Amino acid sequence: DDDDDDDDDDAGEQPIDVSTDTRLRRVRISRATGIEWGTDLSFSFVYVRDMDPAGSASISGEIEVGDQLCELRPVAEGGEATNLIGAPFDQVMNAFAGLDRKVTTLDLVFFRGTKDELKDACSGDSNAEPEIITITVVQNKGAKDETTRYIQAMAGANVRQTLVDNGINVYQSVTRWTNCKGKQLCGTCIVNVKEGGADTNRKSIDESSTLRENPESYRLSCVTFAYGDVTVE
């Protein structure tokens, strides 16, 4: 009987200890998250692909596009944590769909980094070197004053933020002063990902709609994340 009691005590998964890695964060938000989920090419390792600006995830200010989903726990009596690191997309969606109707609030754990960095963190390989990529920026393409700059950044870097941090203007004319500061509201931070498009995150439905009259290689830099070497114009 004692053995049975011990088994009952061990039932369920232990919640992730977010204090073990500064890249982990636990966020409490409404069940209606407003998150559009994405996956890698194997349809696993679910991450934040996009967010509704009016949704609870975006409003929280604690979640960013590209964050990897690690854990789901309903905020309710007896609510148990479900580890979702590397889980298939269908399993993650079923975890959300299977929540009791009375559950209105969730605790979600996210990892801020690439899939490979998350895998290294899970394996305890804390000494793994961070992946560095090169963003090649061609300014004033075709003009007499055309210049090329090479910027090193961490894999998973946001293209707009990286360019802005390095003093590169991604806007045209007056939108330099009237833009939305990277909140995907104005659609004016367009760049042409000339090379390396496969090493960026996929376009969301909203981004595709905004750029529907532009070539496929055109991206909104504010929602574009580079995971390998890219060239932008």
# chains A, B, ... in the order shown; residues from 1 in each chain; ligands from 1

call {"tool": "closest_atom_pairs", "arguments": {"of": "segment 50-102 of chain A", "to": "segment 107-119 of chain A", "cutoff": "7 Å", "atoms": "only C-alpha atoms", "output": "tab-separated table"}}
result
residue	atom	partner	partner_atom	distance
A:Asp67	CA	A:Arg112	CA	4.9
A:Gln68	CA	A:Phe111	CA	5.0
A:Leu69	CA	A:Phe110	CA	4.7
A:Cys70	CA	A:Val109	CA	5.3
A:Glu71	CA	A:Val109	CA	4.9
A:Leu72	CA	A:Leu108	CA	4.8
A:Arg73	CA	A:Asp107	CA	5.1
A:Pro74	CA	A:Asp107	CA	6.2
A:Val75	CA	A:Asp107	CA	6.5

call {"tool": "write_last_selection", "arguments": {"atoms": "N, CA, C and O atoms", "output": "short mmCIF file (atom, residue, chain, number, x, y, z; two decimals), in the first residue's frame"}}
result
data_model
loop_
_atom_site.label_atom_id
_atom_site.label_comp_id
_atom_site.auth_asym_id
_atom_site.auth_seq_id
_atom_site.Cartn_x
_atom_site.Cartn_y
_atom_site.Cartn_z
N ASP A 67 9.49 33.16 -29.39
CA ASP A 67 9.62 32.44 -28.12
C ASP A 67 9.14 31.00 -28.28
O ASP A 67 8.11 30.73 -28.89
N GLN A 68 9.89 30.06 -27.70
CA GLN A 68 9.56 28.63 -27.77
C GLN A 68 8.65 28.25 -26.61
O GLN A 68 8.93 28.58 -25.46
N LEU A 69 7.55 27.54 -26.91
CA LEU A 69 6.63 27.10 -25.87
C LEU A 69 7.19 25.87 -25.16
O LEU A 69 7.56 24.89 -25.81
N CYS A 70 7.24 25.93 -23.84
CA CYS A 70 7.82 24.83 -23.06
C CYS A 70 6.82 24.13 -22.15
O CYS A 70 6.95 22.92 -21.90
N GLU A 71 5.84 24.86 -21.65
CA GLU A 71 4.95 24.26 -20.65
C GLU A 71 3.60 24.96 -20.63
O GLU A 71 3.50 26.17 -20.87
N LEU A 72 2.57 24.19 -20.34
CA LEU A 72 1.21 24.70 -20.20
C LEU A 72 0.66 24.21 -18.86
O LEU A 72 0.75 23.02 -18.54
N ARG A 73 0.08 25.13 -18.09
CA ARG A 73 -0.59 24.74 -16.85
C ARG A 73 -1.83 25.58 -16.66
O ARG A 73 -1.76 26.82 -16.64
N PRO A 74 -3.00 24.94 -16.53
CA PRO A 74 -4.22 25.72 -16.27
C PRO A 74 -4.20 26.26 -14.85
O PRO A 74 -3.79 25.57 -13.91
N VAL A 75 -4.60 27.52 -14.70
CA VAL A 75 -4.68 28.12 -13.37
C VAL A 75 -6.03 27.74 -12.78
O VAL A 75 -7.04 28.39 -12.99
#

call {"tool": "residues_around", "arguments": {"residues": "Thr147 of chain A", "least_positions_apart": "4", "cutoff": "7 Å", "atoms": "only C-alpha atoms", "output": "mmCIF file with N, CA and C atoms, in the first residue's frame"}}
result
data_model
loop_
_atom_site.group_PDB
_atom_site.id
_atom_site.type_symbol
_atom_site.label_atom_id
_atom_site.label_comp_id
_atom_site.auth_asym_id
_atom_site.auth_seq_id
_atom_site.Cartn_x
_atom_site.Cartn_y
_atom_site.Cartn_z
ATOM 1 N N VAL A 138 22.627 45.662 -47.780
ATOM 2 C CA VAL A 138 22.961 46.440 -48.969
ATOM 3 C C VAL A 138 22.075 47.681 -48.968
ATOM 4 N N GLN A 139 22.683 48.837 -48.813
ATOM 5 C CA GLN A 139 21.934 50.095 -48.765
ATOM 6 C C GLN A 139 22.016 50.826 -50.100
ATOM 7 N N ASN A 140 20.893 51.449 -50.466
ATOM 8 C CA ASN A 140 20.814 52.226 -51.722
ATOM 9 C C ASN A 140 21.214 51.381 -52.932
#

call {"tool": "closest_residue", "arguments": {"among": "A:Glu62, A:Ile29, A:Asn83, A:Phe225", "to": "Asp17 of chain A", "atoms": "only C-alpha atoms"}}
result
A:Asn83

call {"tool": "residues_around", "arguments": {"residues": "Tyr227 of chain A", "least_positions_apart": "4", "cutoff": "12 Å", "atoms": "only C-alpha atoms", "output": "list in words"}}
result
Asp40, Gly66, Gly113, Thr114, Lys115, Asp116, Glu117, Pro130, Glu131, Ile132, Ile133, Thr134, Ile135, Gln152, Ala153, Met154, Ala155, Gly156, Ala157, Asn158, Val159, Gly196, Gly197, Ala198, Asp199, Thr200, Asn201 and Arg202 of chain A

call {"tool": "select_by_dssp", "arguments": {"residues": "segment 44-141 of chain A", "states": "helix (DSSP H, G or I)", "output": "list of chain:residue names"}}
result
A:Ser56, A:Ala57, A:Ser58, A:Ile59, A:Ser60, A:Phe89, A:Asp90, A:Gln91, A:Val92, A:Met93, A:Asn94, A:Ala95, A:Phe96, A:Ala97, A:Lys115, A:Asp116, A:Glu117, A:Leu118, A:Lys119, A:Asp120, A:Ala121, A:Cys122, A:Ser123

call {"tool": "residues_around", "arguments": {"residues": "Lys194 of chain A", "least_positions_apart": "3", "cutoff": "10 Å", "atoms": "only C-alpha atoms", "output": "PyMOL selection string"}}
result
chain A and resi 136-138+191+197+217-218+230-233

call {"tool": "write_last_selection", "arguments": {"atoms": "N, CA and C atoms", "output": "compact mmCIF listing (two decimals), in the first residue's frame"}}
result
# COMPACT_ATOMS: atom_id res chain seq x y z
N THR A 136 23.95 40.67 -43.83
CA THR A 136 24.56 41.55 -44.82
C THR A 136 23.51 42.55 -45.29
N VAL A 137 23.82 43.83 -45.15
CA VAL A 137 22.86 44.89 -45.49
C VAL A 137 23.37 45.69 -46.68
N VAL A 138 22.63 45.66 -47.78
CA VAL A 138 22.96 46.44 -48.97
C VAL A 138 22.07 47.68 -48.97
N VAL A 191 11.79 45.20 -46.05
CA VAL A 191 13.12 44.91 -46.59
C VAL A 191 12.99 43.76 -47.58
N GLY A 197 16.47 33.62 -47.23
CA GLY A 197 15.08 33.65 -46.78
C GLY A 197 14.65 32.38 -46.06
N SER A 217 9.97 37.73 -51.65
CA SER A 217 11.15 37.94 -50.81
C SER A 217 11.04 39.18 -49.92
N TYR A 218 10.00 39.99 -50.11
CA TYR A 218 9.82 41.19 -49.29
C TYR A 218 9.25 40.79 -47.93
N VAL A 230 21.85 36.00 -43.66
CA VAL A 230 20.89 36.57 -44.62
C VAL A 230 21.47 37.84 -45.24
N THR A 231 20.96 38.16 -46.42
CA THR A 231 21.29 39.42 -47.09
C THR A 231 20.01 40.18 -47.31
N VAL A 232 19.95 41.43 -46.83
CA VAL A 232 18.75 42.25 -46.99
C VAL A 232 19.08 43.52 -47.72
N GLU A 233 18.10 44.01 -48.48
CA GLU A 233 18.26 45.27 -49.21
C GLU A 233 17.17 46.24 -48.79

call {"tool": "select_by_dssp", "arguments": {"residues": "segment 98-193 of chain A", "states": "strand (DSSP E or B)", "output": "list in words"}}
result
Thr105, Leu106, Asp107, Leu108, Val109, Phe110, Phe111, Ile132, Ile133, Thr134, Ile135, Thr136, Val137, Val138, Gln139, Thr147, Thr148, Arg149, Tyr150, Ile151, Gln152, Ala153, Met154, Ala157, Asn158, Ile190, Val191, Asn192 and Val193 of chain A

call {"tool": "residues_around", "arguments": {"residues": "Val223 of chain A", "least_positions_apart": "5", "cutoff": "12 Å", "atoms": "only C-alpha atoms", "output": "MDAnalysis selection string"}}
result
chainID A and resid 48:51 64:66 156:162 181:185 187:191 200:208 218

call {"tool": "write_last_selection", "arguments": {"atoms": "N, CA, C and O atoms", "output": "CSV table (one decimal), in the first residue's frame"}}
result
chain,number,residue,atom,x,y,z
A,48,VAL,N,6.1,30.9,-30.9
A,48,VAL,CA,5.2,32.0,-31.2
A,48,VAL,C,5.5,32.6,-32.6
A,48,VAL,O,6.5,33.2,-32.8
A,49,ARG,N,4.6,32.3,-33.5
A,49,ARG,CA,4.8,32.8,-34.9
A,49,ARG,C,4.3,34.2,-35.1
A,49,ARG,O,4.9,35.0,-35.8
A,50,ASP,N,3.2,34.6,-34.4
A,50,ASP,CA,2.7,35.9,-34.5
A,50,ASP,C,1.7,36.1,-33.3
A,50,ASP,O,1.3,35.2,-32.6
A,51,MET,N,1.4,37.4,-33.0
A,51,MET,CA,0.5,37.7,-32.0
A,51,MET,C,-0.5,38.8,-32.4
A,51,MET,O,-0.2,39.7,-33.1
A,64,GLU,N,7.4,37.4,-26.8
A,64,GLU,CA,7.9,37.9,-28.1
A,64,GLU,C,7.7,36.9,-29.2
A,64,GLU,O,7.7,35.6,-28.9
A,65,VAL,N,7.5,37.3,-30.4
A,65,VAL,CA,7.5,36.4,-31.6
A,65,VAL,C,8.9,35.7,-31.6
A,65,VAL,O,9.9,36.2,-31.4
A,66,GLY,N,8.8,34.4,-31.8
A,66,GLY,CA,10.0,33.5,-31.8
A,66,GLY,C,10.2,32.8,-30.5
A,66,GLY,O,11.0,31.8,-30.4
A,156,GLY,N,18.5,34.1,-34.4
A,156,GLY,CA,17.2,34.4,-33.9
A,156,GLY,C,17.0,35.9,-33.7
A,156,GLY,O,15.9,36.3,-33.2
A,157,ALA,N,17.9,36.7,-34.2
A,157,ALA,CA,17.8,38.2,-34.0
A,157,ALA,C,16.7,38.7,-34.8
A,157,ALA,O,16.5,38.3,-36.0
A,158,ASN,N,16.0,39.7,-34.3
A,158,ASN,CA,15.0,40.5,-35.1
A,158,ASN,C,15.7,41.4,-36.0
A,158,ASN,O,16.6,42.2,-35.6
A,159,VAL,N,15.3,41.3,-37.3
A,159,VAL,CA,16.0,42.1,-38.3
A,159,VAL,C,15.9,43.6,-38.1
A,159,VAL,O,16.9,44.3,-38.2
A,160,ARG,N,14.7,44.1,-37.9
A,160,ARG,CA,14.5,45.5,-37.7
A,160,ARG,C,15.3,46.0,-36.6
A,160,ARG,O,16.0,47.0,-36.7
A,161,GLN,N,15.2,45.3,-35.4
A,161,GLN,CA,15.9,45.8,-34.2
A,161,GLN,C,17.4,45.8,-34.4
A,161,GLN,O,18.1,46.7,-34.0
A,162,THR,N,17.9,44.8,-35.1
A,162,THR,CA,19.3,44.7,-35.4
A,162,THR,C,19.8,45.9,-36.2
A,162,THR,O,20.8,46.5,-36.0
A,181,LYS,N,7.2,51.9,-34.5
A,181,LYS,CA,8.3,51.5,-33.6
A,181,LYS,C,8.3,50.0,-33.5
A,181,LYS,O,8.6,49.4,-32.4
A,182,GLY,N,8.0,49.2,-34.6
A,182,GLY,CA,8.2,47.8,-34.6
A,182,GLY,C,7.0,47.0,-34.0
A,182,GLY,O,7.2,45.8,-33.6
A,183,LYS,N,5.8,47.6,-34.0
A,183,LYS,CA,4.7,46.9,-33.4
A,183,LYS,C,3.8,46.3,-34.5
A,183,LYS,O,2.7,45.9,-34.2
A,184,GLN,N,4.2,46.2,-35.7
A,184,GLN,CA,3.5,45.6,-36.9
A,184,GLN,C,2.1,46.3,-37.1
A,184,GLN,O,1.1,45.6,-37.3
A,185,LEU,N,2.1,47.6,-37.0
A,185,LEU,CA,0.9,48.3,-37.2
A,185,LEU,C,0.9,49.2,-38.4
A,185,LEU,O,-0.2,49.5,-39.0
A,187,GLY,N,3.3,48.7,-41.4
A,187,GLY,CA,3.7,48.1,-42.6
A,187,GLY,C,4.7,48.8,-43.4
A,187,GLY,O,4.7,48.7,-44.7
A,188,THR,N,5.5,49.6,-42.8
A,188,THR,CA,6.5,50.5,-43.6
A,188,THR,C,7.9,50.1,-43.4
A,188,THR,O,8.8,50.7,-44.1
A,189,CYS,N,8.2,49.0,-42.6
A,189,CYS,CA,9.6,48.6,-42.4
A,189,CYS,C,10.0,47.5,-43.4
A,189,CYS,O,10.6,46.5,-43.0
A,190,ILE,N,9.6,47.6,-44.6
A,190,ILE,CA,9.8,46.6,-45.6
A,190,ILE,C,11.3,46.4,-46.0
A,190,ILE,O,12.0,47.4,-46.3
A,191,VAL,N,11.8,45.2,-46.0
A,191,VAL,CA,13.1,44.9,-46.6
A,191,VAL,C,13.0,43.8,-47.6
A,191,VAL,O,12.0,43.0,-47.5
A,200,THR,N,14.9,32.3,-42.2
A,200,THR,CA,14.1,33.3,-41.4
A,200,THR,C,12.8,32.6,-41.1
A,200,THR,O,12.4,31.5,-41.6
A,201,ASN,N,12.0,33.1,-40.1
A,201,ASN,CA,10.7,32.6,-39.8
A,201,ASN,C,9.7,32.7,-40.9
A,201,ASN,O,9.9,33.6,-41.8
A,202,ARG,N,8.7,31.9,-40.9
A,202,ARG,CA,7.7,32.0,-42.0
A,202,ARG,C,6.9,33.2,-41.8
A,202,ARG,O,6.7,33.7,-40.7
A,203,LYS,N,6.3,33.6,-42.9
A,203,LYS,CA,5.4,34.8,-42.9
A,203,LYS,C,4.1,34.4,-42.2
A,203,LYS,O,3.6,33.3,-42.4
A,204,SER,N,3.6,35.3,-41.4
A,204,SER,CA,2.3,35.0,-40.8
A,204,SER,C,1.2,35.4,-41.8
A,204,SER,O,1.5,36.0,-42.8
A,205,ILE,N,0.0,35.1,-41.5
A,205,ILE,CA,-1.2,35.5,-42.4
A,205,ILE,C,-1.2,37.0,-42.5
A,205,ILE,O,-1.4,37.5,-43.6
A,206,ASP,N,-1.1,37.7,-41.4
A,206,ASP,CA,-1.1,39.2,-41.4
A,206,ASP,C,0.0,39.8,-42.3
A,206,ASP,O,-0.3,40.7,-43.0
A,207,GLU,N,1.2,39.3,-42.1
A,207,GLU,CA,2.3,39.8,-42.9
A,207,GLU,C,2.1,39.5,-44.4
A,207,GLU,O,2.3,40.4,-45.2
A,208,SER,N,1.6,38.3,-44.7
A,208,SER,CA,1.4,38.0,-46.1
A,208,SER,C,0.3,38.9,-46.7
A,208,SER,O,0.4,39.3,-47.9
A,218,TYR,N,10.0,40.0,-50.1
A,218,TYR,CA,9.8,41.2,-49.3
A,218,TYR,C,9.3,40.8,-47.9
A,218,TYR,O,8.3,40.0,-47.9

call {"tool": "residues_around", "arguments": {"residues": "Asp52 of chain A", "least_positions_apart": "2", "cutoff": "10 Å", "atoms": "only C-alpha atoms", "output": "list in words"}}
result
Thr33, Gly34, Ile35, Glu36, Asp50, Ala54, Gly55, Ser56, Ala57, Ser58, Ile59, Gln184 and Asp206 of chain A

call {"tool": "write_last_selection", "arguments": {"atoms": "C-alpha atoms", "output": "short mmCIF file (atom, residue, chain, number, x, y, z; two decimals), in the first residue's frame"}}
result
data_model
loop_
_atom_site.label_atom_id
_atom_site.label_comp_id
_atom_site.auth_asym_id
_atom_site.auth_seq_id
_atom_site.Cartn_x
_atom_site.Cartn_y
_atom_site.Cartn_z
CA THR A 33 -3.95 34.09 -25.86
CA GLY A 34 -4.12 35.75 -29.27
CA ILE A 35 -1.06 33.71 -30.31
CA GLU A 36 -0.57 32.22 -33.75
CA ASP A 50 2.68 35.91 -34.48
CA ALA A 54 -5.13 43.14 -28.94
CA GLY A 55 -4.57 39.66 -27.49
CA SER A 56 -3.53 38.90 -23.92
CA ALA A 57 -0.08 37.63 -24.96
CA SER A 58 0.86 40.83 -26.75
CA ILE A 59 -0.67 43.05 -24.07
CA GLN A 184 3.52 45.61 -36.87
CA ASP A 206 -1.15 39.18 -41.41
#

call {"tool": "closest_residue", "arguments": {"among": "A:Ser30, A:Thr148, A:Ser60, A:Thr39", "to": "Thr104 of chain A", "atoms": "only C-alpha atoms"}}
result
A:Ser30

call {"tool": "atom_distance", "arguments": {"atom1": "atom CA of Ala81 of chain A", "atom2": "atom CA of Gly61 of chain A"}}
result
22.7 Å

call {"tool": "atom_distance", "arguments": {"atom1": "atom CA of Thr82 of chain A", "atom2": "atom CA of Gln14 of chain A"}}
result
8.5 Å

call {"tool": "decode", "arguments": {"residues": "segment 109-122 of chain A", "atoms": "N, CA, C and O atoms", "output": "PDB file, in the first residue's frame"}}
result
ATOM      1  N   VAL A 109       5.050  28.623 -19.977  1.00  0.00           N
ATOM      2  CA  VAL A 109       6.486  28.824 -19.854  1.00  0.00           C
ATOM      3  C   VAL A 109       7.082  28.903 -21.255  1.00  0.00           C
ATOM      4  O   VAL A 109       6.817  28.045 -22.099  1.00  0.00           O
ATOM      5  N   PHE A 110       7.882  29.948 -21.473  1.00  0.00           N
ATOM      6  CA  PHE A 110       8.525  30.160 -22.773  1.00  0.00           C
ATOM      7  C   PHE A 110      10.030  30.200 -22.611  1.00  0.00           C
ATOM      8  O   PHE A 110      10.551  30.557 -21.550  1.00  0.00           O
ATOM      9  N   PHE A 111      10.716  29.828 -23.697  1.00  0.00           N
ATOM     10  CA  PHE A 111      12.170  29.929 -23.763  1.00  0.00           C
ATOM     11  C   PHE A 111      12.512  30.937 -24.841  1.00  0.00           C
ATOM     12  O   PHE A 111      12.057  30.817 -25.980  1.00  0.00           O
ATOM     13  N   ARG A 112      13.298  31.946 -24.497  1.00  0.00           N
ATOM     14  CA  ARG A 112      13.681  32.973 -25.460  1.00  0.00           C
ATOM     15  C   ARG A 112      15.016  32.583 -26.098  1.00  0.00           C
ATOM     16  O   ARG A 112      16.082  32.749 -25.522  1.00  0.00           O
ATOM     17  N   GLY A 113      14.932  32.031 -27.275  1.00  0.00           N
ATOM     18  CA  GLY A 113      16.114  31.575 -27.986  1.00  0.00           C
ATOM     19  C   GLY A 113      15.712  30.652 -29.116  1.00  0.00           C
ATOM     20  O   GLY A 113      14.528  30.431 -29.371  1.00  0.00           O
ATOM     21  N   THR A 114      16.688  30.110 -29.804  1.00  0.00           N
ATOM     22  CA  THR A 114      16.421  29.223 -30.927  1.00  0.00           C
ATOM     23  C   THR A 114      16.099  27.818 -30.443  1.00  0.00           C
ATOM     24  O   THR A 114      16.322  27.478 -29.272  1.00  0.00           O
ATOM     25  N   LYS A 115      15.600  27.008 -31.365  1.00  0.00           N
ATOM     26  CA  LYS A 115      15.304  25.612 -31.041  1.00  0.00           C
ATOM     27  C   LYS A 115      16.571  24.891 -30.584  1.00  0.00           C
ATOM     28  O   LYS A 115      16.546  24.134 -29.606  1.00  0.00           O
ATOM     29  N   ASP A 116      17.678  25.111 -31.277  1.00  0.00           N
ATOM     30  CA  ASP A 116      18.929  24.441 -30.915  1.00  0.00           C
ATOM     31  C   ASP A 116      19.413  24.871 -29.533  1.00  0.00           C
ATOM     32  O   ASP A 116      19.943  24.054 -28.761  1.00  0.00           O
ATOM     33  N   GLU A 117      19.227  26.159 -29.211  1.00  0.00           N
ATOM     34  CA  GLU A 117      19.617  26.636 -27.883  1.00  0.00           C
ATOM     35  C   GLU A 117      18.748  25.998 -26.806  1.00  0.00           C
ATOM     36  O   GLU A 117      19.232  25.667 -25.710  1.00  0.00           O
ATOM     37  N   LEU A 118      17.471  25.807 -27.107  1.00  0.00           N
ATOM     38  CA  LEU A 118      16.573  25.151 -26.168  1.00  0.00           C
ATOM     39  C   LEU A 118      16.987  23.698 -25.962  1.00  0.00           C
ATOM     40  O   LEU A 118      17.024  23.208 -24.824  1.00  0.00           O
ATOM     41  N   LYS A 119      17.339  23.023 -27.037  1.00  0.00           N
ATOM     42  CA  LYS A 119      17.776  21.628 -26.937  1.00  0.00           C
ATOM     43  C   LYS A 119      19.064  21.520 -26.118  1.00  0.00           C
ATOM     44  O   LYS A 119      19.221  20.612 -25.310  1.00  0.00           O
ATOM     45  N   ASP A 120      19.982  22.468 -26.330  1.00  0.00           N
ATOM     46  CA  ASP A 120      21.222  22.480 -25.557  1.00  0.00           C
ATOM     47  C   ASP A 120      20.930  22.701 -24.071  1.00  0.00           C
ATOM     48  O   ASP A 120      21.538  22.070 -23.200  1.00  0.00           O
ATOM     49  N   ALA A 121      19.986  23.614 -23.792  1.00  0.00           N
ATOM     50  CA  ALA A 121      19.639  23.901 -22.397  1.00  0.00           C
ATOM     51  C   ALA A 121      19.032  22.672 -21.724  1.00  0.00           C
ATOM     52  O   ALA A 121      19.316  22.383 -20.559  1.00  0.00           O
ATOM     53  N   CYS A 122      18.221  21.927 -22.482  1.00  0.00           N
ATOM     54  CA  CYS A 122      17.581  20.729 -21.930  1.00  0.00           C
ATOM     55  C   CYS A 122      18.586  19.612 -21.683  1.00  0.00           C
ATOM     56  O   CYS A 122      18.433  18.809 -20.763  1.00  0.00           O
TER      57      CYS A 122
END
